[in-house]
Structures are given as C-alpha cells and as structure tokens.
file model.cif (mmCIF, C-alpha atoms and all ligand atoms)
data_start
loop_
_atom_site.label_atom_id
_atom_site.label_comp_id
_atom_site.auth_asym_id
_atom_site.auth_seq_id
_atom_site.Cartn_x
_atom_site.Cartn_y
_atom_site.Cartn_z
CA MET J 149 26.96 20.23 15.41
CA SER J 150 27.83 16.60 14.91
CA SER J 151 31.29 15.62 16.04
CA SER J 152 31.66 13.68 12.80
CA PRO J 153 32.15 15.60 9.54
CA VAL J 154 30.85 12.59 7.59
CA TRP J 155 27.16 12.34 6.84
CA HIS J 156 25.89 8.99 7.97
CA PRO J 157 22.41 8.21 6.73
CA PHE J 158 20.13 6.50 9.24
CA HIS J 159 18.94 4.13 6.53
CA GLN J 160 15.65 2.37 6.42
CA HIS J 161 16.34 -1.34 6.44
CA GLY J 162 19.99 -0.30 6.17
CA LEU J 163 21.41 -3.36 4.55
CA GLY J 164 23.77 -3.64 1.66
CA GLU J 165 26.66 -1.57 0.37
CA PRO J 166 27.22 0.43 -1.70
CA ILE J 167 24.01 2.41 -1.54
CA PRO J 168 23.01 3.45 -5.07
CA LEU J 169 22.73 7.19 -5.60
CA VAL J 170 19.98 7.97 -8.10
CA GLU J 171 20.15 11.23 -10.04
CA ARG J 172 17.01 11.05 -12.11
CA ALA J 173 14.31 8.70 -13.28
CA GLU J 174 11.93 8.31 -16.16
CA GLY J 175 9.23 5.70 -16.67
CA THR J 176 10.64 2.45 -15.34
CA THR J 177 14.29 3.51 -15.41
CA LEU J 178 16.43 4.86 -12.57
CA TYR J 179 19.64 6.62 -13.64
CA THR J 180 22.39 6.38 -11.03
CA ALA J 181 25.25 8.82 -10.48
CA ASP J 182 27.73 6.19 -11.65
CA GLY J 183 25.99 5.90 -15.01
CA ARG J 184 23.81 2.84 -14.56
CA ARG J 185 20.29 2.41 -15.91
CA VAL J 186 18.33 0.33 -13.45
CA VAL J 187 14.88 -1.19 -14.07
CA ASP J 188 12.57 -0.29 -11.18
CA ALA J 189 10.69 -3.58 -10.98
CA ILE J 190 8.91 -2.74 -7.71
CA SER J 191 7.65 0.76 -8.60
CA SER J 192 9.86 2.23 -5.85
CA TRP J 193 8.00 0.51 -3.01
CA TRP J 194 4.80 0.02 -4.95
CA VAL J 195 4.00 3.67 -5.60
CA THR J 196 4.94 4.74 -9.16
CA THR J 197 1.99 3.11 -10.89
CA HIS J 198 2.38 5.16 -14.11
CA GLY J 199 6.18 5.22 -13.94
CA HIS J 200 8.57 7.85 -12.64
CA ASN J 201 8.24 11.50 -13.63
CA HIS J 202 5.08 11.01 -15.64
CA PRO J 203 4.82 14.10 -17.89
CA ARG J 204 1.18 14.86 -17.04
CA ILE J 205 1.79 14.60 -13.32
CA MET J 206 4.99 16.65 -13.47
CA LYS J 207 3.21 19.35 -15.46
CA ALA J 208 0.43 19.55 -12.87
CA ILE J 209 2.99 19.81 -10.07
CA ARG J 210 4.88 22.60 -11.86
CA ALA J 211 1.67 24.52 -12.51
CA GLN J 212 0.57 24.26 -8.88
CA THR J 213 3.94 25.47 -7.57
CA GLU J 214 3.23 28.77 -9.37
CA LYS J 215 -0.03 29.24 -7.46
CA LEU J 216 -0.15 27.87 -3.93
CA ASP J 217 2.45 25.79 -2.12
CA GLN J 218 0.85 25.05 1.23
CA LEU J 219 -2.23 26.03 3.19
CA ILE J 220 -3.64 25.32 6.62
CA PHE J 221 -6.39 22.77 5.99
CA ALA J 222 -8.48 23.36 9.08
CA GLY J 223 -11.42 25.55 8.22
CA TRP J 224 -9.69 26.56 4.96
CA THR J 225 -9.61 24.82 1.63
CA HIS J 226 -8.16 25.18 -1.88
CA GLU J 227 -9.02 24.28 -5.43
CA PRO J 228 -6.84 21.14 -5.89
CA ALA J 229 -8.29 19.60 -2.69
CA GLU J 230 -11.85 20.38 -3.77
CA THR J 231 -11.31 18.96 -7.27
CA LEU J 232 -9.57 15.90 -5.90
CA ALA J 233 -12.23 15.15 -3.29
CA ARG J 234 -15.01 15.45 -5.88
CA GLY J 235 -13.05 13.30 -8.33
CA LEU J 236 -12.39 10.61 -5.75
CA VAL J 237 -16.01 10.40 -4.65
CA ASP J 238 -17.00 10.12 -8.32
CA MET J 239 -14.52 7.38 -9.05
CA MET J 240 -14.79 5.26 -5.90
CA PRO J 241 -17.74 3.02 -5.02
CA ASP J 242 -21.02 4.70 -4.06
CA GLY J 243 -21.40 5.21 -0.34
CA LEU J 244 -17.91 6.55 0.32
CA GLY J 245 -18.75 10.21 0.08
CA HIS J 246 -16.48 11.69 2.75
CA VAL J 247 -12.80 12.28 2.09
CA PHE J 248 -10.25 12.87 4.84
CA PHE J 249 -6.75 13.90 3.74
CA SER J 250 -3.47 12.89 5.30
CA ASP J 251 0.05 12.28 4.10
CA SER J 252 1.09 8.63 4.29
CA GLY J 253 -0.30 5.13 4.17
CA SER J 254 0.33 4.61 7.88
CA THR J 255 -1.50 7.80 8.78
CA CYS J 256 -4.56 7.13 6.64
CA VAL J 257 -4.83 3.75 8.34
CA GLU J 258 -4.61 5.33 11.80
CA VAL J 259 -7.26 7.82 10.75
CA ALA J 260 -9.48 4.88 9.76
CA LEU J 261 -9.08 3.28 13.19
CA LYS J 262 -9.89 6.57 14.90
CA MET J 263 -12.99 7.02 12.72
CA ALA J 264 -14.25 3.54 13.64
CA LEU J 265 -13.72 3.99 17.38
CA GLY J 266 -14.93 7.59 17.32
CA THR J 267 -18.20 6.54 15.71
CA PHE J 268 -19.03 4.05 18.45
CA TYR J 269 -17.81 6.41 21.18
CA ASN J 270 -19.97 9.26 19.93
CA ARG J 271 -22.96 6.95 19.91
CA GLY J 272 -22.36 5.96 23.50
CA GLU J 273 -21.25 2.46 22.47
CA ASP J 274 -17.70 2.85 23.69
CA LYS J 275 -17.41 -0.83 24.68
CA ARG J 276 -16.90 -1.43 20.98
CA SER J 277 -13.23 -0.59 20.88
CA ARG J 278 -11.44 -3.74 19.78
CA ILE J 279 -9.76 -4.00 16.38
CA LEU J 280 -9.51 -7.27 14.46
CA VAL J 281 -6.73 -7.92 11.98
CA MET J 282 -5.63 -10.67 9.63
CA GLU J 283 -2.57 -12.80 10.32
CA HIS J 284 0.53 -11.68 8.32
CA SER J 285 -0.90 -8.19 7.73
CA TYR J 286 1.13 -5.03 7.33
CA HIS J 287 -0.44 -1.60 7.69
CA GLY J 288 2.51 0.72 8.27
CA ASP J 289 5.22 1.61 10.75
CA THR J 290 3.70 4.19 13.07
CA ILE J 291 2.76 2.91 16.52
CA GLY J 292 -0.93 2.39 15.74
CA ALA J 293 -0.23 0.87 12.34
CA MET J 294 2.37 -1.47 13.84
CA SER J 295 -0.12 -2.50 16.52
CA ILE J 296 -2.49 -3.85 13.88
CA GLY J 297 0.27 -5.49 11.84
CA ALA J 298 1.99 -8.82 12.25
CA ARG J 299 4.49 -8.84 15.08
CA GLY J 300 8.01 -9.66 14.00
CA VAL J 301 11.52 -8.48 13.49
CA PHE J 302 10.36 -5.01 12.34
CA ASN J 303 8.58 -4.11 15.53
CA ARG J 304 9.56 -6.50 18.32
CA ALA J 305 11.68 -3.82 20.02
CA TYR J 306 8.60 -1.61 20.35
CA ALA J 307 6.20 -4.27 21.64
CA PRO J 308 5.57 -2.36 24.92
CA LEU J 309 4.13 0.51 22.88
CA LEU J 310 1.73 -1.57 20.79
CA PHE J 311 -1.92 -2.10 21.69
CA ASP J 312 -3.65 -5.42 21.79
CA VAL J 313 -5.75 -6.64 18.83
CA GLY J 314 -7.61 -9.79 17.83
CA THR J 315 -6.08 -11.78 14.98
CA VAL J 316 -7.91 -14.07 12.55
CA PRO J 317 -5.90 -16.63 10.59
CA PHE J 318 -4.87 -15.90 7.01
CA PRO J 319 -7.41 -17.58 4.68
CA ALA J 320 -5.18 -20.22 3.18
CA ALA J 321 -6.48 -22.96 0.88
CA GLU J 322 -9.26 -23.70 3.38
CA PRO J 323 -10.87 -20.41 4.50
CA GLN J 324 -13.39 -21.88 6.96
CA PRO J 325 -11.12 -21.41 10.04
CA THR J 326 -10.83 -17.72 9.11
CA TYR J 327 -14.61 -17.36 8.83
CA ASP J 328 -15.12 -19.18 12.13
CA ALA J 329 -12.56 -17.05 13.95
CA LEU J 330 -14.00 -13.81 12.57
CA GLU J 331 -17.55 -14.87 13.40
CA ALA J 332 -16.58 -15.83 16.96
CA ALA J 333 -14.61 -12.61 17.57
CA CYS J 334 -17.38 -10.41 16.16
CA ALA J 335 -20.05 -12.20 18.23
CA VAL J 336 -18.46 -11.01 21.50
CA GLY J 337 -19.81 -7.51 20.82
CA ASP J 338 -16.69 -5.51 21.66
CA VAL J 339 -15.29 -5.18 18.13
CA ALA J 340 -15.29 -1.82 16.38
CA ALA J 341 -13.62 -2.79 13.11
CA PHE J 342 -11.87 -5.44 11.07
CA ILE J 343 -9.07 -4.12 8.87
CA VAL J 344 -7.79 -6.06 5.86
CA GLU J 345 -5.50 -5.80 2.89
CA PRO J 346 -7.95 -6.96 0.20
CA LEU J 347 -6.84 -9.94 -1.97
CA LEU J 348 -3.12 -9.34 -1.49
CA LEU J 349 -1.08 -9.07 1.70
CA GLY J 350 2.06 -7.16 0.71
CA ALA J 351 4.89 -6.83 3.20
CA GLY J 352 3.68 -9.98 4.97
CA GLY J 353 4.95 -12.03 2.02
CA MET J 354 2.86 -11.20 -1.08
CA LEU J 355 0.15 -13.64 -0.01
CA THR J 356 -3.02 -13.82 -2.08
CA TYR J 357 -6.58 -14.97 -1.40
CA PRO J 358 -9.64 -15.02 -3.65
CA PRO J 359 -12.40 -12.41 -4.03
CA ALA J 360 -15.08 -14.84 -2.79
CA VAL J 361 -13.25 -15.04 0.56
CA LEU J 362 -13.04 -11.26 0.79
CA ALA J 363 -16.79 -11.06 0.10
CA GLU J 364 -17.53 -13.53 2.90
CA LEU J 365 -15.32 -11.68 5.41
CA HIS J 366 -17.19 -8.50 4.56
CA ALA J 367 -20.55 -10.25 4.98
CA ILE J 368 -19.62 -11.55 8.44
CA CYS J 369 -18.66 -8.05 9.60
CA ALA J 370 -21.85 -6.56 8.15
CA ARG J 371 -23.98 -9.11 10.03
CA HIS J 372 -22.37 -8.08 13.32
CA GLY J 373 -22.32 -4.31 12.78
CA VAL J 374 -18.52 -4.35 12.70
CA PHE J 375 -16.94 -1.73 10.43
CA PHE J 376 -14.99 -3.19 7.51
CA ILE J 377 -11.86 -1.18 6.78
CA ALA J 378 -10.14 -1.86 3.45
CA ASP J 379 -6.49 -0.91 3.48
CA GLU J 380 -5.97 -0.43 -0.27
CA VAL J 381 -2.77 1.55 0.23
CA MET J 382 -0.91 -1.00 -1.90
CA THR J 383 -3.74 -2.78 -3.72
CA GLY J 384 -5.52 0.39 -4.87
CA TRP J 385 -5.01 2.12 -8.21
CA GLY J 386 -5.14 -0.99 -10.32
CA ARG J 387 -2.44 -3.12 -8.76
CA THR J 388 -4.67 -6.20 -8.39
CA GLY J 389 -6.20 -5.83 -11.86
CA THR J 390 -9.08 -3.47 -11.03
CA LEU J 391 -9.06 0.09 -9.70
CA LEU J 392 -9.78 -1.31 -6.23
CA ALA J 393 -9.28 -4.90 -5.12
CA CYS J 394 -12.66 -4.67 -3.32
CA GLU J 395 -14.38 -4.34 -6.70
CA GLN J 396 -13.54 -7.95 -7.53
CA ALA J 397 -15.47 -9.09 -4.47
CA GLY J 398 -18.37 -6.73 -5.23
CA ILE J 399 -18.08 -5.09 -1.82
CA THR J 400 -17.95 -1.52 -0.54
CA PRO J 401 -16.01 -1.11 2.70
CA ASP J 402 -17.23 1.26 5.41
CA ILE J 403 -13.82 2.93 5.38
CA LEU J 404 -11.27 2.90 2.55
CA CYS J 405 -7.57 3.80 2.87
CA LEU J 406 -5.65 4.99 -0.20
CA ALA J 407 -2.10 6.33 -0.56
CA LYS J 408 0.93 5.28 -2.68
CA GLY J 409 -0.56 5.36 -6.24
CA LEU J 410 -2.97 8.18 -5.30
CA THR J 411 -0.52 10.70 -6.75
CA GLY J 412 0.85 8.19 -9.26
CA GLY J 413 3.65 7.82 -6.74
CA SER J 414 4.97 11.32 -7.25
CA MET J 415 4.10 13.09 -4.00
CA PRO J 416 3.24 12.03 -0.44
CA LEU J 417 -0.53 12.09 0.02
CA ALA J 418 -3.15 9.77 1.46
CA VAL J 419 -6.90 9.74 1.94
CA THR J 420 -9.37 7.91 4.14
CA LEU J 421 -12.84 7.69 2.61
CA ALA J 422 -15.78 7.08 4.88
CA SER J 423 -19.49 6.34 4.70
CA ASP J 424 -22.31 8.70 5.74
CA GLU J 425 -22.79 6.65 8.91
CA ILE J 426 -19.26 7.41 10.08
CA TYR J 427 -19.37 11.04 9.02
CA ASP J 428 -22.76 11.63 10.62
CA ALA J 429 -21.57 10.24 13.95
CA HIS J 430 -18.85 12.89 14.01
CA TYR J 431 -20.40 15.99 12.55
CA SER J 432 -23.34 17.06 14.60
CA THR J 433 -23.87 20.40 16.28
CA ASP J 434 -21.97 18.99 19.26
CA ARG J 435 -18.35 20.13 19.12
CA ALA J 436 -17.29 17.29 21.37
CA LYS J 437 -18.17 14.88 18.57
CA MET J 438 -15.83 16.41 16.04
CA PHE J 439 -13.21 14.25 14.42
CA PHE J 440 -9.88 15.26 15.89
CA HIS J 441 -6.94 14.63 13.62
CA SER J 442 -4.77 17.25 12.02
CA SER J 443 -1.30 17.50 10.66
CA SER J 444 0.64 20.34 9.09
CA TYR J 445 0.80 19.05 5.54
CA THR J 446 -2.70 17.58 5.33
CA ALA J 447 -4.03 18.06 1.78
CA ASN J 448 -0.90 19.82 0.58
CA PRO J 449 -1.96 21.66 -2.62
CA ILE J 450 0.97 20.43 -4.74
CA ALA J 451 0.34 16.82 -3.72
CA CYS J 452 -3.41 17.27 -4.39
CA ALA J 453 -2.63 18.68 -7.86
CA ALA J 454 -0.47 15.62 -8.57
CA ALA J 455 -3.33 13.36 -7.44
CA CYS J 456 -5.77 15.25 -9.70
CA ALA J 457 -3.43 14.49 -12.61
CA ASN J 458 -3.45 10.82 -11.62
CA LEU J 459 -7.25 10.82 -11.68
CA ALA J 460 -7.19 12.49 -15.11
CA ILE J 461 -4.85 9.78 -16.40
CA TRP J 462 -7.26 7.14 -15.13
CA ARG J 463 -10.23 8.91 -16.69
CA GLU J 464 -8.67 9.75 -20.05
CA GLU J 465 -6.11 7.04 -20.82
CA ASP J 466 -6.53 3.31 -21.20
CA VAL J 467 -4.98 2.40 -17.83
CA PRO J 468 -7.20 -0.71 -17.43
CA GLY J 469 -6.00 -1.91 -20.86
CA ARG J 470 -2.35 -1.43 -19.81
CA ILE J 471 -3.00 -3.37 -16.63
CA VAL J 472 -4.62 -6.29 -18.48
CA SER J 473 -1.75 -6.46 -20.94
CA LEU J 474 0.94 -6.21 -18.24
CA SER J 475 -0.81 -8.85 -16.12
CA ALA J 476 -0.73 -11.27 -19.06
CA LYS J 477 2.98 -10.65 -19.68
CA LEU J 478 3.88 -11.05 -16.02
CA GLY J 479 1.79 -14.21 -15.97
CA SER J 480 3.90 -15.68 -18.79
CA LEU J 481 7.09 -14.70 -16.99
CA LEU J 482 5.91 -16.46 -13.84
CA GLU J 483 4.81 -19.52 -15.78
CA SER J 484 8.20 -19.90 -17.40
CA LEU J 485 9.99 -19.66 -14.03
CA SER J 486 7.52 -22.03 -12.39
CA THR J 487 8.90 -24.99 -14.33
CA ARG J 488 12.08 -24.79 -12.21
CA ASP J 489 12.32 -27.07 -9.20
CA ASP J 490 13.72 -24.26 -7.04
CA VAL J 491 10.54 -22.17 -7.52
CA THR J 492 7.50 -22.87 -5.30
CA ASN J 493 4.14 -21.24 -4.61
CA PRO J 494 4.01 -19.14 -7.77
CA ARG J 495 1.24 -16.59 -7.36
CA GLN J 496 -0.16 -13.61 -9.19
CA CYS J 497 -2.61 -10.88 -8.33
CA GLY J 498 -3.04 -8.54 -11.30
CA THR J 499 0.27 -6.78 -11.89
CA MET J 500 2.02 -8.45 -8.95
CA ILE J 501 3.81 -11.77 -9.36
CA ALA J 502 5.64 -13.68 -6.64
CA PHE J 503 7.21 -17.03 -5.89
CA ASP J 504 9.15 -18.58 -3.06
CA VAL J 505 12.66 -19.89 -3.51
CA ALA J 506 12.61 -23.52 -2.52
CA VAL J 507 14.95 -23.39 0.43
CA PRO J 508 13.87 -23.64 4.05
CA ASP J 509 12.45 -20.26 5.06
CA GLN J 510 15.01 -18.68 7.35
CA GLY J 511 12.89 -15.65 8.19
CA TYR J 512 12.85 -12.09 7.00
CA LEU J 513 16.49 -11.27 7.47
CA ALA J 514 17.65 -14.57 6.08
CA GLU J 515 20.79 -14.39 4.03
CA ILE J 516 19.00 -15.39 0.85
CA GLY J 517 17.00 -12.15 0.45
CA PRO J 518 20.00 -9.78 0.61
CA ARG J 519 22.07 -12.08 -1.61
CA LEU J 520 19.37 -12.09 -4.25
CA ARG J 521 18.81 -8.35 -3.93
CA ASP J 522 22.51 -7.67 -4.47
CA HIS J 523 22.53 -10.03 -7.44
CA PHE J 524 19.55 -8.28 -8.99
CA TYR J 525 21.22 -4.90 -8.54
CA GLY J 526 24.28 -6.33 -10.24
CA GLN J 527 21.96 -7.05 -13.17
CA ASP J 528 20.67 -3.45 -13.03
CA VAL J 529 17.26 -4.50 -11.74
CA LEU J 530 15.67 -3.16 -8.55
CA LEU J 531 13.97 -6.10 -6.84
CA ARG J 532 13.80 -6.55 -3.06
CA PRO J 533 12.90 -10.06 -1.97
CA LEU J 534 10.94 -10.50 1.25
CA GLY J 535 12.86 -13.32 2.91
CA ASN J 536 12.81 -16.11 0.37
CA THR J 537 9.88 -14.58 -1.52
CA VAL J 538 10.82 -12.94 -4.80
CA TYR J 539 8.24 -10.63 -6.33
CA ALA J 540 7.85 -8.01 -9.03
CA MET J 541 5.36 -5.14 -9.10
CA PRO J 542 6.47 -2.84 -11.91
CA PRO J 543 4.90 0.38 -13.21
CA TYR J 544 2.11 -0.23 -15.75
CA CYS J 545 4.14 1.44 -18.51
CA ILE J 546 7.01 -1.08 -18.39
CA GLU J 547 8.27 -2.14 -21.81
CA ASP J 548 8.77 -5.70 -22.99
CA ALA J 549 12.56 -5.39 -23.00
CA ASP J 550 12.52 -4.45 -19.32
CA ILE J 551 10.17 -7.32 -18.46
CA ALA J 552 12.71 -9.59 -20.16
CA ARG J 553 15.46 -8.08 -17.99
CA ILE J 554 13.43 -8.86 -14.87
CA ALA J 555 12.96 -12.45 -16.07
CA ASP J 556 16.69 -12.84 -16.77
CA ALA J 557 17.65 -11.34 -13.42
CA MET J 558 15.27 -13.68 -11.57
CA ALA J 559 16.50 -16.76 -13.42
CA SER J 560 20.19 -15.91 -13.00
CA GLY J 561 19.57 -15.10 -9.32
CA LEU J 562 18.17 -18.58 -8.78
CA ASP J 563 21.15 -20.06 -10.65
CA MET J 564 23.50 -18.02 -8.45
CA LEU J 565 21.94 -19.49 -5.28
CA ARG J 566 22.47 -22.99 -6.63
CA ALA J 567 26.07 -22.47 -7.64
N1 LIG G 601 -0.75 -0.30 4.29
C1 LIG G 601 -0.22 -1.13 3.39
C2 LIG G 601 -1.05 -2.27 2.87
C3 LIG G 601 1.09 -0.94 2.92
O1 LIG G 601 1.60 -1.79 2.02
C4 LIG G 601 1.82 0.16 3.41
C5 LIG G 601 3.24 0.46 2.94
N2 LIG G 601 3.93 -0.52 2.35
C6 LIG G 601 1.24 0.99 4.36
C7 LIG G 601 -0.05 0.75 4.77
C8 LIG G 601 2.00 2.14 4.95
O2 LIG G 601 2.18 3.13 4.00
P1 LIG G 601 3.31 4.24 4.20
O3 LIG G 601 4.62 3.53 4.00
O4 LIG G 601 3.02 5.25 3.14
O5 LIG G 601 3.17 4.78 5.58
#
call {"tool": "encode", "arguments": {"input": "model.cif", "output": "structure tokens"}}
result
Amino acid sequence: MSSSPVWHPFHQHGLGEPIPLVERAEGTTLYTADGRRVVDAISSWWVTTHGHNHPRIMKAIRAQTEKLDQLIFAGWTHEPAETLARGLVDMMPDGLGHVFFSDSGSTCVEVALKMALGTFYNRGEDKRSRILVMEHSYHGDTIGAMSIGARGVFNRAYAPLLFDVGTVPFPAAEPQPTYDALEAACAVGDVAAFIVEPLLLGAGGMLTYPPAVLAELHAICARHGVFFIADEVMTGWGRTGTLLACEQAGITPDILCLAKGLTGGSMPLAVTLASDEIYDAHYSTDRAKMFFHSSSYTANPIACAAACANLAIWREEDVPGRIVSLSAKLGSLLESLSTRDDVTNPRQCGTMIAFDVAVPDQGYLAEIGPRLRDHFYGQDVLLRPLGNTVYAMPPYCIEDADIARIADAMASGLDMLRA
C-alpha cells in the first residue's frame, strides 16, 4: 500500500498543469470532463488516422469481444490474425510476404533489428552485426529502439544501456554527404541493416527529405547486401500522402515496421513484415535457427479485428481522396502562416505540416514549446510543439471548421510569443 492516499500519475513527459481529463472522443473532437471540446490536431500522437471511435472499427471490436478476447500466439492462431496477415500481404508491396505480430512501434522495430541480425547469424555471417541509423531519427523508447535513435534529453540518463550504432547525416539540402557516409559505412562489411524513417523524421523535429533521396539510400544498401529497414510506424497508413512513404520512392524495403495507424489508432498492435530471404534464414528444419521473440499479447484478437476493420476502410472507402483533399487544405494553412516573419522552414509531407518559430532554438525542453502548447490548449486545440517546431498531423476526417481552429490557434500562439 502506498503511504499516500493521493494517486500521483507518473506522467509521460509530465509537463503542464492542469492535466486534461478526457471522457470521450469522436472523430477529431476530445470531450473533457470539464465540458470542453478540444480539436485533436495531432491524431493523439499520430495514431487516429480515421478519427477517434470510428464506427466501423468500434463495431469490429465489439463483435470480436463476443468471440475471443486473447489467445496464446505460439503454435496457435485465430481468425482475425489470419485475415489480417492475408490482408496486409495483399495490400503491401510484393516481396513482403511474412508478417510478425507485436504490440507497439518500439517492439516492431526491435523485432526488425533481431530479424536482420538473426539472418546473418544463421547464415554464419555473424560479423555483420552493426546497425546504421540516420541523424535525428526516433524509433521508440525501449532500450534497443533508443539505441538506434538520436541521443538527447530523452535518453541521456540511460546511455550506459544503449548499444553503439553508426550514424549517417540527415540528408539536408545537399544529400551527397549522406550518400558518401552510407556508402563508406556499408563498404566496411560489418553492417547488417540501415533503418530509416522514410521521407519524414517525426519526433526528431518533423524533418522531411525527398523520395529521390530515399531511393538512392535504398540503392546503396542493396549494392552492399545491407538490409533496408523502413520504420513506417508514423509515416505508414497514408500520413505522407500514399499508403506507405516508400511507395513514393518506388522501393520495397527488406523489412517494414507498421504500428500506430494499423488499427486506425484504436488498439495497440504492430507488425514487422519481412522478405522471403529473411524468413527462409530463420525457418529451416533446424530449431536453433528459429526466430525467438514472443510476448503475451502478440496478435491480440481484438486488436487484430480492429486492424482488419482499418484495412476494410482502406479497401472500401476513398481514403486516398480524403488524404489528397486534406493535404491541399493543410498546404493552404501553411502557406498563409508562412508570410509571417516569425515563421521559418515551412514544410509539408502529405497530411503533416510543420514550421519553426523564428527564435533561437533553445532545445527540446525550451520554454517556447510548453508555452505554445498551453496556449493552444487554451484555444481548445491539442498541438504539442517539438521545441520551437510547431506541427499539425490531424485525422483524415477533420472538418474545415476544425482546420480553421488550428490555423487560428497557431496564429494567435505566434502573436502571444511576440507580445
Ligand atoms: N518509430 C517511429 C517512427 C515513431 O514515430 C514511434 C512513436 N512515435 C515509434 C517508432 C515507437 O512507437 P511506440 O510509441 O508505439 O512504441
């Protein structure tokens, strides 16, 4: 028993008071206990692609709860997992025929790393064990995922636990240094995989780079036999304008990580899709070559049913049309703000827009981010700046009136900083 009768939440990024208590949500709106209607302009950490409590997804969840809640997924299987795996293989690029289930973005990334190393190990090429990453990347908060992410305020306390990786520079306006660094690192012969957030680096500051650069990075890895892992945990499910960001570069990764929008943001579920080459290296008659990764809730049937409903929405509704239309509207919003002299580096990648506030960057915990966030909440808009980077990434179903509220909140936030 705690000595304190008061419940004290151990909050993630526990900044800001009071902490809003949300009672229910629908579409883009969060309804708080104190009667506010808040626009969720970041899809609750980039997950609710179709909006909160989507009727088709909720119906699928309710139906599944009547049948099967949970099942050991080692040597056993169930209908929602089978349907989902088939649907994913159908929908994703050819060559990614093997689906491994897990339960969060961080975990599906760790699974990808294990698949890459396991493949070389099983082939007797265990010298290939180094992982390459891109500067400013974020891949999650578990120890392995932090190891391959940018080092900073989020993880500096845990540095002794993190493993060493090779880092190539972010491909800024001039990508040649990135190509050269990747080429040189791959040429050493000890690299198992290069992991990237395709086209859009999220938590690292909403940084974008073009499809042609992504295609070239993929080509360099292919030339050196280095596995290319696409972490589409955030970029997948249409966020960058196409179902996958990789599509825009015309590439198929060796390993693909999907989470967040996989269930339309309704339930925790993730998948790692892999090529035949990776699967074949693990599943022979030799038990020692099996892929060892299991967790209790892997392929939870209710989460799988929610994901099946997401796939049905993609198959049967005009999601691409919604994305095109939303991208255009967000583009206009960004353009109108870009005329201000306190807005710099405006950038867009599909249904994500971002800009930097023109003050010296004081780092992630700089005062400016929390001040803006509190201002936005005062305007009944959920936006969480990353340092001095303000971005929006709303659900695809957002209505024009709510886009206008985001625009007003952003503009008045900038005015507030000036005052
Ligand atoms: N990869 C990327 C690109 C992400 O943006 C995130 C989460 N923001 C993760 C991995 C980790 O996902 P999760 O929070 O579900 O562990």
call {"tool": "residues_near_point", "arguments": {"input": "model.cif", "point": "(17.7, -16.2, -12.8)", "cutoff": "12 Å", "atoms": "all atoms listed in the file", "output": "JSON, numbers by chain"}}
result
{"J": [481, 482, 484, 485, 486, 488, 490, 491, 505, 520, 521, 523, 524, 527, 529, 538, 552, 553, 554, 555, 556, 557, 558, 559, 560, 561, 562, 563, 564, 565, 566, 567]}
call {"tool": "residues_around", "arguments": {"input": "model.cif", "residues": "Leu280 in chain J", "least_positions_apart": "3", "cutoff": "6 Å", "atoms": "only C-alpha atoms", "output": "list in words"}}
result
Val313, Gly314, Thr315 and Phe342 of chain J
call {"tool": "axis_aligned_box", "arguments": {"input": "model.cif", "around": "ligand LIG 601 (chain G)", "padding_each_side": "4 Å", "output": "AutoDock Vina command-line options"}}
result
--center_x 1.8 --center_y 1.5 --center_z 3.8 --size_x 13.7 --size_y 15.5 --size_z 11.6
call {"tool": "closest_residue", "arguments": {"input": "model.cif", "among": "J:Pro416, J:Glu547, J:Pro203, J:Ile501", "to": "Leu531 in chain J", "atoms": "all atoms listed in the file"}}
result
J:Ile501
call {"tool": "atom_distance", "arguments": {"input": "model.cif", "atom1": "CA of Gly235 in chain J", "atom2": "CA of Phe440 in chain J"}}
result
24.5 Å
call {"tool": "closest_residue", "arguments": {"input": "model.cif", "among": "J:Asp466, J:Arg371, J:Gly498, J:Ala453", "to": "Glu214 in chain J", "atoms": "only C-alpha atoms"}}
result
J:Ala453
call {"tool": "residues_near_ligand", "arguments": {"input": "model.cif", "ligand": "ligand LIG 601 (chain G)", "cutoff": "8 Å", "atoms": "all atoms listed in the file", "output": "NGL selection string"}}
result
:J and (193-194 or 251-255 or 257 or 285-290 or 293 or 345 or 349-351 or 379-383 or 407-408 or 416 or 418)
call {"tool": "residues_around", "arguments": {"input": "model.cif", "residues": "Asp402 in chain J", "least_positions_apart": "4", "cutoff": "6 Å", "atoms": "all atoms listed in the file", "output": "PyMOL selection string"}}
result
chain J and resi 375-376+423
call {"tool": "closest_residue", "arguments": {"input": "model.cif", "among": "J:Ala222, J:Val336, J:Arg271, J:Ile546", "to": "Ser432 in chain J", "atoms": "all atoms listed in the file"}}
result
J:Arg271
call {"tool": "closest_residue", "arguments": {"input": "model.cif", "among": "J:Leu530, J:Leu347, J:Ala307, J:Ile368", "to": "Gly292 in chain J", "atoms": "all atoms listed in the file"}}
result
J:Ala307
call {"tool": "atom_distance", "arguments": {"input": "model.cif", "atom1": "CA of Leu330 in chain J", "atom2": "CA of Ala363 in chain J"}}
result
13.1 Å
call {"tool": "closest_residue", "arguments": {"input": "model.cif", "among": "J:Val186, J:Met415, J:Met541, J:Ala476", "to": "Asn201 in chain J", "atoms": "only C-alpha atoms"}}
result
J:Met415
call {"tool": "closest_residue", "arguments": {"input": "model.cif", "among": "J:Ala264, J:Ile450, J:Leu216, J:Ala378", "to": "Glu425 in chain J", "atoms": "only C-alpha atoms"}}
result
J:Ala264
call {"tool": "residues_near_point", "arguments": {"input": "model.cif", "point": "(-6.3, -4.0, 24.3)", "cutoff": "9 Å", "atoms": "all atoms listed in the file", "output": "ChimeraX atom specification"}}
result
/J:277-279,311-314
